[in-house]
Amino acid sequence: MTAAAPSAALPASFSSAQAGKAVDALLAHAAKVRAEREETELIPRDEHVWLSVNTKQGTTRRSLKPVKIQLPHPPLPPPPATSVCLLSKDPQREFKDLLAAHDIKFVARVVGVDKLKGKFRPFEARRELMRDHDLFLCDERVLPLMPKLLGKIFFEAKKQPIPVNMLRKDLKAELGRAISSTYFHPSTGTSHSVRIATPLHLSSAELLANVLAAVPAVAALVPGGWDNVLSVGIKTSGSVLLPIWSAKLGGRFKGEAEGAGEAGVEGVGDVEMGEGKAVSKGKAGKKAEAKAETAKPKPKADKEKADDKPKAADKAKGDKAKPTPAGKAAPKDGRKKSATLGSGSVSKKAKAAALGRA
């Protein structure tokens with residue numbers, strides 16, 4: 001487990017009074033939610049207070065080792081209220097005896113690597129293990145194996161294993177410090193959450209002290225420090241985020257704009273002024289120009305069409321000038337005359353005249 005970085009000083013715009021108001025409002029909301037759950041649930045689960053730090057830009061660095069942050073007051077209630085599980089090397093019995101030799105009674109369960117590969121390999125077994133304990137300590141020598149053995153359900157539930165050194169002489173103090181601290185888990189996203197309290201076991205003043213201690217420590221661990229911090233807030237597991245501090249609106253995304261300019265972000269280019277309107281010449285503008293060019297009619301094709309028009313006119317004139325065969329009158333309306341005689345009065349006269357001639 002890596003040591004915590006030095007805390008960064010709070011900016012001048014950070015208001016402790018605003019943080020106190022957010023703490024009071026959040027505790028009142030948590031108490032109201034717990035009272036409602038007590039009416040419907042036999043044993044309502046405890047909510048945790050999380051410090052959320054949002055950044056302007058993410059990072060590509062990724063690490064499995066969390067960074068320890070020491071707080072004035074433990075974020076979790078002391079055991080046995082908090083159930084602790086130790087993930088150890090094999091053989092499992094050796095570490096159970098080691099805990100007994102150091103008189104460590106606050107670890108509820110010890111699970112070895114072989115048990116994780118066998119008994120807890122099914123998804124249902126791992127899910128039950130995750131639900132049975134609030135905190136997981138892990139021998140730092142087997143920490144790289146944990147993501148594959150535990151699965152994503154532990155990480156989605158914010159129950160990543162905390163690495164500890166099982167070779168320390170004062171093992172009880174080592175495990176005690178791990179339980180009483182909070183941890184910053186490096187991620188590649190733009191949002192970082194750190195558990196700072198359990199509402200039921202901390203007062204408003206104690207929670208505020210944890211907030212004021214955790215904020216500069218987390219800001220120091222974020223790449224870019226306070227210049228890269230967009231906003232800071234607190235929330236419970238099921239509440240909305242209550243803001244504590246936000247970057248100034250003018251320079252809020254200054255870092256992103258500069259990075260986009262240097263990297264040549266697509267869609268951002270030179271701007272020309274024409275007829276009082278700004279026209280962008282970025283990627284989208286270039287695509288529009290290309291479409292306009294392809295939509296223009298080709299001069300050669302127009303010329304060919306123009307040459308074809310006189311030919312069509314001459315052909316029509318030629319058709320009109322053709323003489324009709326002798327003995328046949330051209331229909332006035334241009335329709336072809338049928339060779340079959342009809343059954344009307346005119347047709348009957350024509351039939352009679354034809355028979356008389358015969």
# chains A, B, ... in the order shown; residues from 1 in each chain; ligands from 1
call {"tool": "closest_atom_pairs", "arguments": {"of": "stretch 51-120 of chain A", "to": "stretch 182-190 of chain A", "cutoff": "12 Å", "atoms": "only C-alpha atoms", "output": "tab-separated table"}}
result
residue	atom	partner	partner_atom	distance
A:Leu51	CA	A:Phe184	CA	10.3
A:Ser52	CA	A:Thr190	CA	10.3
A:Val53	CA	A:Thr190	CA	8.3
A:Asn54	CA	A:Thr190	CA	5.6
A:Thr55	CA	A:Thr190	CA	5.0
A:Lys56	CA	A:Thr190	CA	6.7
A:Gln57	CA	A:Thr190	CA	6.1
A:Gly58	CA	A:Thr190	CA	4.8
A:Thr59	CA	A:Thr188	CA	5.0
A:Thr60	CA	A:Thr188	CA	5.5
A:Arg61	CA	A:Thr188	CA	6.4
A:Arg62	CA	A:Ser187	CA	5.8
A:Ser63	CA	A:Pro186	CA	6.1
A:Leu64	CA	A:His185	CA	7.6
A:Lys65	CA	A:His185	CA	7.2
A:Pro66	CA	A:His185	CA	4.7
A:Val67	CA	A:Phe184	CA	5.0
A:Lys68	CA	A:Tyr183	CA	4.6
A:Ile69	CA	A:Thr182	CA	5.3
A:Gln70	CA	A:Thr182	CA	6.5
A:Leu71	CA	A:Thr182	CA	7.2
A:Pro72	CA	A:Thr182	CA	10.6
A:His73	CA	A:Thr182	CA	10.0
A:Pro74	CA	A:Thr182	CA	7.8
A:Pro75	CA	A:Thr182	CA	6.7
A:Leu76	CA	A:Thr182	CA	8.8
call {"tool": "write_last_selection", "arguments": {"atoms": "C-alpha atoms", "output": "CSV table (one decimal), in the first residue's frame"}}
result
chain,number,residue,atom,x,y,z
A,51,LEU,CA,-16.5,12.6,-0.7
A,52,SER,CA,-16.8,13.0,-4.5
A,53,VAL,CA,-14.1,14.9,-6.4
A,54,ASN,CA,-14.8,15.5,-10.1
A,55,THR,CA,-11.9,16.5,-12.4
A,56,LYS,CA,-11.7,18.3,-15.7
A,57,GLN,CA,-9.6,15.7,-17.4
A,58,GLY,CA,-9.0,12.0,-16.7
A,59,THR,CA,-5.7,10.1,-16.7
A,60,THR,CA,-4.4,6.9,-18.4
A,61,ARG,CA,-2.6,5.8,-15.2
A,62,ARG,CA,-4.1,2.8,-13.5
A,63,SER,CA,-3.1,1.2,-10.2
A,64,LEU,CA,-4.5,-1.6,-8.0
A,65,LYS,CA,-2.9,-0.3,-4.9
A,66,PRO,CA,-5.0,2.2,-3.0
A,67,VAL,CA,-3.5,5.2,-1.3
A,68,LYS,CA,-4.1,5.5,2.5
A,69,ILE,CA,-5.6,8.8,3.8
A,70,GLN,CA,-5.5,9.2,7.6
A,71,LEU,CA,-8.6,11.0,9.0
A,72,PRO,CA,-9.2,12.5,12.4
A,73,HIS,CA,-12.1,10.1,13.0
A,74,PRO,CA,-12.4,6.5,11.6
A,75,PRO,CA,-14.8,6.4,8.7
A,76,LEU,CA,-16.2,3.0,9.8
call {"tool": "residues_around", "arguments": {"residues": "A:Leu208", "least_positions_apart": "6", "cutoff": "9 Å", "atoms": "only C-alpha atoms", "output": "compact mmCIF listing (two decimals) with N, CA and C atoms, in the first residue's frame"}}
result
# COMPACT_ATOMS: atom_id res chain seq x y z
N SER A 16 -15.50 26.93 4.40
CA SER A 16 -15.80 25.92 5.42
C SER A 16 -17.26 26.01 5.87
N ALA A 19 -19.30 24.04 3.53
CA ALA A 19 -19.11 22.62 3.82
C ALA A 19 -19.93 22.22 5.04
N GLY A 20 -19.99 23.07 6.06
CA GLY A 20 -20.78 22.78 7.25
C GLY A 20 -22.27 22.68 6.94
N VAL A 23 -22.89 19.35 5.25
CA VAL A 23 -22.82 18.26 6.23
C VAL A 23 -24.11 18.16 7.03
call {"tool": "closest_atom_pairs", "arguments": {"of": "stretch 182-264 of chain A", "to": "stretch 28-39 of chain A", "cutoff": "10 Å", "atoms": "only C-alpha atoms", "output": "CSV"}}
result
residue,atom,partner,partner_atom,distance
A:Thr198,CA,A:Ala30,CA,9.9
A:Pro199,CA,A:Ala30,CA,7.0
A:Leu200,CA,A:Ala31,CA,8.0
A:Ser204,CA,A:Ala28,CA,9.9
A:Lys235,CA,A:Ala30,CA,9.7
A:Thr236,CA,A:Ala30,CA,7.6
A:Ser237,CA,A:Ala30,CA,9.8
A:Gly238,CA,A:Ala30,CA,9.2
A:Ser239,CA,A:His29,CA,8.3
call {"tool": "closest_residue", "arguments": {"among": "A:Ala12, A:Ala219, A:Leu98, A:Val113", "to": "A:Asp170", "atoms": "only C-alpha atoms"}}
result
A:Leu98
call {"tool": "residues_around", "arguments": {"residues": "A:Glu124", "least_positions_apart": "6", "cutoff": "12 Å", "atoms": "only C-alpha atoms", "output": "ChimeraX atom specification"}}
result
/A:130-131,150-151,153
call {"tool": "write_last_selection", "arguments": {"atoms": "N, CA and C atoms", "output": "PDB file, in the first residue's frame"}}
result
ATOM      1  N   MET A 130     -19.089 -11.226  -0.172  1.00  0.00           N
ATOM      2  CA  MET A 130     -19.036  -9.765  -0.244  1.00  0.00           C
ATOM      3  C   MET A 130     -20.065  -9.124   0.677  1.00  0.00           C
ATOM      4  N   ARG A 131     -21.254  -9.712   0.770  1.00  0.00           N
ATOM      5  CA  ARG A 131     -22.313  -9.144   1.605  1.00  0.00           C
ATOM      6  C   ARG A 131     -22.088  -9.397   3.093  1.00  0.00           C
ATOM      7  N   LEU A 150     -11.828 -12.309  -7.238  1.00  0.00           N
ATOM      8  CA  LEU A 150     -13.014 -11.720  -6.612  1.00  0.00           C
ATOM      9  C   LEU A 150     -14.068 -11.315  -7.637  1.00  0.00           C
ATOM     10  N   GLY A 151     -13.646 -10.824  -8.778  1.00  0.00           N
ATOM     11  CA  GLY A 151     -14.611 -10.387  -9.782  1.00  0.00           C
ATOM     12  C   GLY A 151     -15.014  -8.934  -9.586  1.00  0.00           C
ATOM     13  N   ILE A 153     -17.871  -7.629  -8.845  1.00  0.00           N
ATOM     14  CA  ILE A 153     -18.897  -7.281  -7.859  1.00  0.00           C
ATOM     15  C   ILE A 153     -18.275  -6.603  -6.633  1.00  0.00           C
TER      16      ILE A 153
END
call {"tool": "select_by_dssp", "arguments": {"residues": "stretch 57-255 of chain A", "states": "strand (DSSP E or B)", "output": "PyMOL selection string"}}
result
chain A and resi 67-69+84-88+109-112+135-139+162-164+182-184+191-197+229-236+242-246
call {"tool": "closest_residue", "arguments": {"among": "A:Glu206, A:Asp46, A:Asp90, A:Glu156", "to": "A:Leu116", "atoms": "only C-alpha atoms"}}
result
A:Asp90
call {"tool": "atom_distance", "arguments": {"atom1": "atom CA of A:Lys148", "atom2": "atom CA of A:Arg126"}}
result
11.9 Å
call {"tool": "closest_residue", "arguments": {"among": "A:Glu41, A:Gly118, A:Pro11, A:Lys349", "to": "A:Ser246", "atoms": "only C-alpha atoms"}}
result
A:Pro11
call {"tool": "atom_distance", "arguments": {"atom1": "atom CA of A:Val107", "atom2": "atom CA of A:Leu175"}}
result
9.0 Å
call {"tool": "select_by_dssp", "arguments": {"residues": "stretch 29-277 of chain A", "states": "helix (DSSP H, G or I)", "output": "JSON, numbers by chain"}}
result
{"A": [29, 30, 31, 32, 33, 34, 35, 36, 37, 38, 39, 40, 92, 93, 94, 95, 96, 97, 98, 99, 100, 101, 113, 114, 115, 116, 117, 123, 124, 125, 126, 127, 128, 129, 130, 131, 132, 140, 141, 142, 143, 144, 145, 146, 147, 148, 149, 150, 152, 153, 154, 155, 156, 171, 172, 173, 174, 175, 176, 177, 178, 179, 180, 199, 200, 201, 204, 205, 206, 207, 208, 209, 210, 211, 212, 213, 214, 215, 216, 217, 218, 219, 220, 221, 225, 226, 227, 228, 254, 255, 256, 257, 258, 259, 260, 261, 262, 263]}
call {"tool": "atom_distance", "arguments": {"atom1": "atom CA of A:Gly112", "atom2": "atom CA of A:Leu99"}}
result
13.9 Å
call {"tool": "closest_residue", "arguments": {"among": "A:Ala125, A:Val229, A:Leu26, A:Arg109", "to": "A:Pro216", "atoms": "only C-alpha atoms"}}
result
A:Val229
call {"tool": "closest_residue", "arguments": {"among": "A:Leu241, A:Ser88, A:Ser181, A:Glu47", "to": "A:Asn165", "atoms": "only C-alpha atoms"}}
result
A:Ser88
call {"tool": "residues_around", "arguments": {"residues": "A:Arg127", "least_positions_apart": "5", "cutoff": "9 Å", "atoms": "only C-alpha atoms", "output": "MDAnalysis selection string"}}
result
chainID A and resid 120 122 132 153:154
